[in-house]
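Structure record follows, encoded as structure tokens.
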There are 4 protein chains.
Amino acid sequence: MARSTPVSDSDRRAHSRTPDGRWKTALTSIAPNAILIRGYPVDEMMGRLSFADAVYLLLMGELPPPAIGRMLNAILVSSLDHGVTPPSTLAARNVATSGAPLKDCVAAGILAFGPHHGGDVESCMRYLDRGLIMVRGGDSVQQAAEFIVDDCLKNGHTPPGFGHRFHTRDPRATRLFQLAMELELEGEHVHMLRAIERVLATREEGGGSHLPVNVDGTIAAISADLGFAHELGNAIFLISRLPGLIAHAHEERSRQTPMRQIDPKDHDYDGSAERRLPEGRK
Amino acid sequence: MARSTPVSDSDRRAHSRTPDGRWKTALTSIAPNAILIRGYPVDEMMGRLSFADAVYLLLMGELPPPAIGRMLNAILVSSLDHGVTPPSTLAARNVATSGAPLKDCVAAGILAFGPHHGGDVESCMRYLDRGLIMVRGGDSVQQAAEFIVDDCLKNGHTPPGFGHRFHTRDPRATRLFQLAMELELEGEHVHMLRAIERVLATREEGGGSHLPVNVDGTIAAISADLGFAHELGNAIFLISRLPGLIAHAHEERSRQTPMRQIDPKDHDYDGSAERRLPEGRK
Amino acid sequence: MARSTPVSDSDRRAHSRTPDGRWKTALTSIAPNAILIRGYPVDEMMGRLSFADAVYLLLMGELPPPAIGRMLNAILVSSLDHGVTPPSTLAARNVATSGAPLKDCVAAGILAFGPHHGGDVESCMRYLDRGLIMVRGGDSVQQAAEFIVDDCLKNGHTPPGFGHRFHTRDPRATRLFQLAMELELEGEHVHMLRAIERVLATREEGGGSHLPVNVDGTIAAISADLGFAHELGNAIFLISRLPGLIAHAHEERSRQTPMRQIDPKDHDYDGSAERRLPEGRK
Amino acid sequence: MARSTPVSDSDRRAHSRTPDGRWKTALTSIAPNAILIRGYPVDEMMGRLSFADAVYLLLMGELPPPAIGRMLNAILVSSLDHGVTPPSTLAARNVATSGAPLKDCVAAGILAFGPHHGGDVESCMRYLDRGLIMVRGGDSVQQAAEFIVDDCLKNGHTPPGFGHRFHTRDPRATRLFQLAMELELEGEHVHMLRAIERVLATREEGGGSHLPVNVDGTIAAISADLGFAHELGNAIFLISRLPGLIAHAHEERSRQTPMRQIDPKDHDYDGSAERRLPEGRK
């Protein structure tokens, strides 16, 4: 699958303006009563494309094949919410308790998608690509994976995409890998991630800590195999988590008293008990 | 269709803490290797629910019937992007040109969803509800619609949900109404919006300016009929437009030179020519 | 002291563009090697004006008399920081723990200056002005103050500018009033605030809760007497608190481990013991 | 002058919690009716310390000597505003035109302080320190300066702190250097910056482009000589520019029509003509 190549600075300058000095955009054209997204009338897209399909079209320029649309829906569902303890959720709730409008809570939450939270998707994509460049240069996948693991560990970092505060076996990662296999979308980035996982398991047997692949790593590898640019990998996490930020800000604003001090440990879940999807839902 | 009633302040206090002083959340429960969103294991949701279905579940607490899932997908597609001129897009691009990371551009864009931009969804939901309260008090829909129009116009406001800078007939509004009818999801808020539209048309014949219903008004009425709380109407617009903010920030960062002065009028579209969805796409 | 009058919408349109269709700004003119802020060369201001003087010049258009410059310095010092528990500080720290850059932490903190936190300055200015309009209409200051208190209490609100989570006698409010008196800057807004304070004290004797004037109320009254527009009252709080947000974000980033769960109650102060300013410092 | 040393990760962990598991803060202690900033009662600081002095105290832990207080006031005045064209100002104005509250405009503006805008202060501090490490290792200042210039230019970067879109001789830089000399605050970072300036001038004679030292470079060198940590250098720029963001957002909200398209080139200045500070103002 073709990967969008980074544009060099000189190319960028060359293409950024027409000869008459106007700047260009290739996303959406607007004329009175006509909105074309990547060439398709938005009203024709409505009711015919899922939101995930439309997101792919807008970001990548072309409609996704059905398998990719299904994969992207699953990726977007995977990180929808992770309870009250992530820093992004707490930032959103702390803004909400001051009485600020919903959009302000959400913006603050997004700002907390820093290097240690969500940012892993982009970093993981970058080192998977570094590994693949080694492979193209003649190394084996195994050698590249060992190099990456050593490079991270010697700098005192957990490899991005591995390990989790709560989960020893991230159910979202497992399910995404399974879907990628079923939909025949596994590519070289998934293989590289799997190789790194195996290297880490060997190290663990030798006394290292347990570092299972997590949802960020899986999103990174699959997004890269789908052809997303590095920074768009992060964007996919952002789209996925936005409804979670909204739901928490709304719950804070509608259910809690204002100006409270939010202790992330001092809470109980009082929502629906565990339940299964109805049979009709595939 | 049951509408979530606003919670009074005393109720809110009563329910916000358990007797042991801990605070409560009803959205997502997290245990090692188990993430339940509104009771459903997230890994079971992945591959079985569209992102729009999952968003509805998270925000409303229950799975949507298929018609509502389809409607919500269409609503989320409707406002995906509107080119380079909305203030939110320009805020995001101006942050991007400074070299700031993608998430910062997106957060700045979201902050521009102020009263005049996106905020119309919430205001429109509020006045539709005001009209419906009048109807329950004995007024006709026509009387309520006339009251609302007069109330807006005498304060010098365009009724929120009507009029557009570019479009005289917003293709997104037309398509959303058509889908709501096909999917049998039209309810009292859509009828009230239609009544207001008719009153405005009469005024126009009498010399008023042309104020067609726009996409914000249509999203407001349909979201209210689906049972979303006022501030969640705005949230739906926010989820819909996020990919647009991402796409513009990414295009700015990858295609333009940094620290440029962005003139919103001085640009050309150089993307795909107009095209139709393939037959297979319903 | 003359108060900047709100500009009507028609005036606004009249003045916003020159006849040749260009838009106007009256703040700062930039030419090669020459930066004039409100007409003064910035390099001439440097070393001659305090930051507070320069802020007054930029926001109000003229240099402040020395007494106002001293008052504004005191106001800006008053709200510099309030420890780790305000929601703005917690929002900033939660963004910091994700590894986000300092400016992102600060932006998130600013978003938490909602209606219940900082927003009181603006609301207080608005109701002081409402009281003064009543006085100009023939009511006594006492009558206006009683009306305002009743109006707030019957809607279940604490009057903005009164009451504090921690302090029964806000030392910042006391000191600001003392300085306003010493510097002969007390005006009608301070008198109105004092009258409201007296009405609240009477109610308290009659069984109401103790609602002392707080720092927000004092800043509101003094800023209004200095002639600041309502929304600039809030801005002054924002300028004052920004270094606090910076200090907490920096402390979080440099002293704590990343991705920690920040409990606002579970902390100790381990900084300098109480000390006095040296004699030389006036 | 002692420089705050970066804390190692293991130190950080050691000091971040007391033995009883509570976390620590050294900034401000809050007790009922008593607010101590770095040990000093805030009400004692008010009226006795300038805002700049108080900012130094909060960020650095101790009161500044008078010369440093005066220098910091000048630094904070230097970057107060730079007209309508910086991306941060345009981001703030684009949020303002949507009707969003002032704080949202300001937060968006701050997000635009990216690597190419404001971020130069931090990068410049970092490479000045890199040069000084070379000097401590035995190189001459001249050798270190040449190494830095070559390193930047060979990577196609302008050295951070040099060059300006508008100014060939930045009047703010000149004045800051003059004050640092007068106040006897020049230190090794200023000397290193001057050495780099001389190297660049030589290159210019040899055909390079003219890259004068700019205000960011000067703030970086002086702040470093005052002992500020790298990321606090950026923070000082942020404090300085905040009133500019506020003034532009307020002007946009009060003087322009909402939802306008803001062209950064299409404007005129219609404020005060050039004028001099009165004699009394030192």
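We label chains A, B, ... in the order they appear in the structure tokens, count residues from 1 in each chain, and number ligands from 1 in the order shown.
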
Could you write out as an MDAnalysis selection string the residues of chain C within 12 Å of chain A, counting only C-alpha atoms? chainID C and resid 84:120 164:165 257:267

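Around stretch 189-199 of chain A, within 7 Å and counting only C-alpha atoms, the residues found are A:Leu128, A:Val141, A:Gln142, A:Ala145, A:Glu146, A:Val149, A:Val213, A:Ala221, A:Ile222, A:Ala224, A:Asp225, once anything fewer than 5 positions away on its own chain is removed.
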
Since we have the selection now, will you write its residues out, keeping C-alpha atoms, as a CSV table (one decimal), in the first residue's frame?
chain,number,residue,atom,x,y,z
A,128,LEU,CA,8.1,1.6,12.9
A,141,VAL,CA,12.8,-7.6,10.6
A,142,GLN,CA,14.2,-9.3,13.8
A,145,ALA,CA,13.1,-4.9,16.1
A,146,GLU,CA,16.1,-5.6,18.4
A,149,VAL,CA,14.0,-2.1,21.6
A,213,VAL,CA,1.4,-4.0,23.0
A,221,ALA,CA,0.8,0.1,13.1
A,222,ILE,CA,-2.6,-0.3,11.4
A,224,ALA,CA,0.6,3.3,9.0
A,225,ASP,CA,-0.4,0.3,7.0

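Atom CA of A:Trp23 lies 10.5 Å from atom CA of B:Glu252.
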
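Identical in sequence, chain C and chain B superpose with a Cα RMSD of 0.1 Å when all alpha carbons are matched in order.
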
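Coordinates place atom CA of B:Pro212 at a distance of 6.3 Å from atom CA of B:Arg169.
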
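Relative to atom CA of D:Glu251, atom CA of C:Lys24 is found at 9.8 Å.
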
Quick one: residues within 7 Å of A:Pro171, only C-alpha atoms, excluding same-chain residues fewer than 6 positions away - as a list in words? Asn33, Ala34 and Asp43 of chain B

Sel. of helix (DSSP H, G or I) residues, stretch 101-269 of chain B, as JSON, numbers by chain: {"B": [102, 103, 104, 105, 106, 107, 108, 109, 110, 111, 119, 120, 121, 122, 123, 124, 125, 126, 127, 128, 129, 130, 131, 132, 133, 134, 135, 136, 141, 142, 143, 144, 145, 146, 147, 148, 149, 150, 151, 152, 153, 154, 171, 172, 173, 174, 175, 176, 177, 178, 179, 180, 181, 182, 188, 189, 190, 191, 192, 193, 194, 195, 196, 197, 198, 199, 200, 201, 202, 203, 204, 205, 215, 216, 217, 218, 219, 220, 221, 222, 223, 224, 225, 226, 230, 231, 232, 233, 234, 235, 236, 237, 238, 239, 240, 241, 242, 243, 244, 245, 246, 247, 248, 249, 250, 251, 252, 253, 254, 255]}

Give me, as a VMD selection string, all polymer residues having an atom no more than 9 Å from D:Met71, counting only C-alpha atoms and skipping those fewer than 5 positions away in the same chain. (chain C and resid 46 to 47) or (chain D and resid 66 76 176 179 to 180 183 185 222)

For D:Leu49: contacts at 10 Å, only C-alpha atoms, fewer than 4 positions along chain excluded, given as a list in words: Arg70, Asn73, Ala74, Val77, Leu277, Arg281 and Lys282 of chain C; Val42, Glu44, Met45, Asp53, Ala54, Val55, Leu57, Leu63 and Gly69 of chain D

Need to verify the contact set: A:Gly233, 9 Å, only C-alpha atoms, exclusion of same-chain residues closer than 6 positions in sequence. Can you return it as a PyMOL selection string? chain A and resi 121-122+125+219-220+223-224

Determine, counting only C-alpha atoms, which protein, DNA and RNA residues have an atom within 9 Å of an atom of D:Ala247; residues of the same chain fewer than 2 positions away are not included. Present the result as a PyMOL selection string. (chain C and resi 27+58-59+232) or (chain D and resi 81+242-245+249-252)

Write out as a VMD selection string all residues of stretch 4-228 of chain C that DSSP puts in strand (DSSP E) for this structure's backbone. chain C and resid 23 to 25 28 to 31 34 to 37 40 to 41
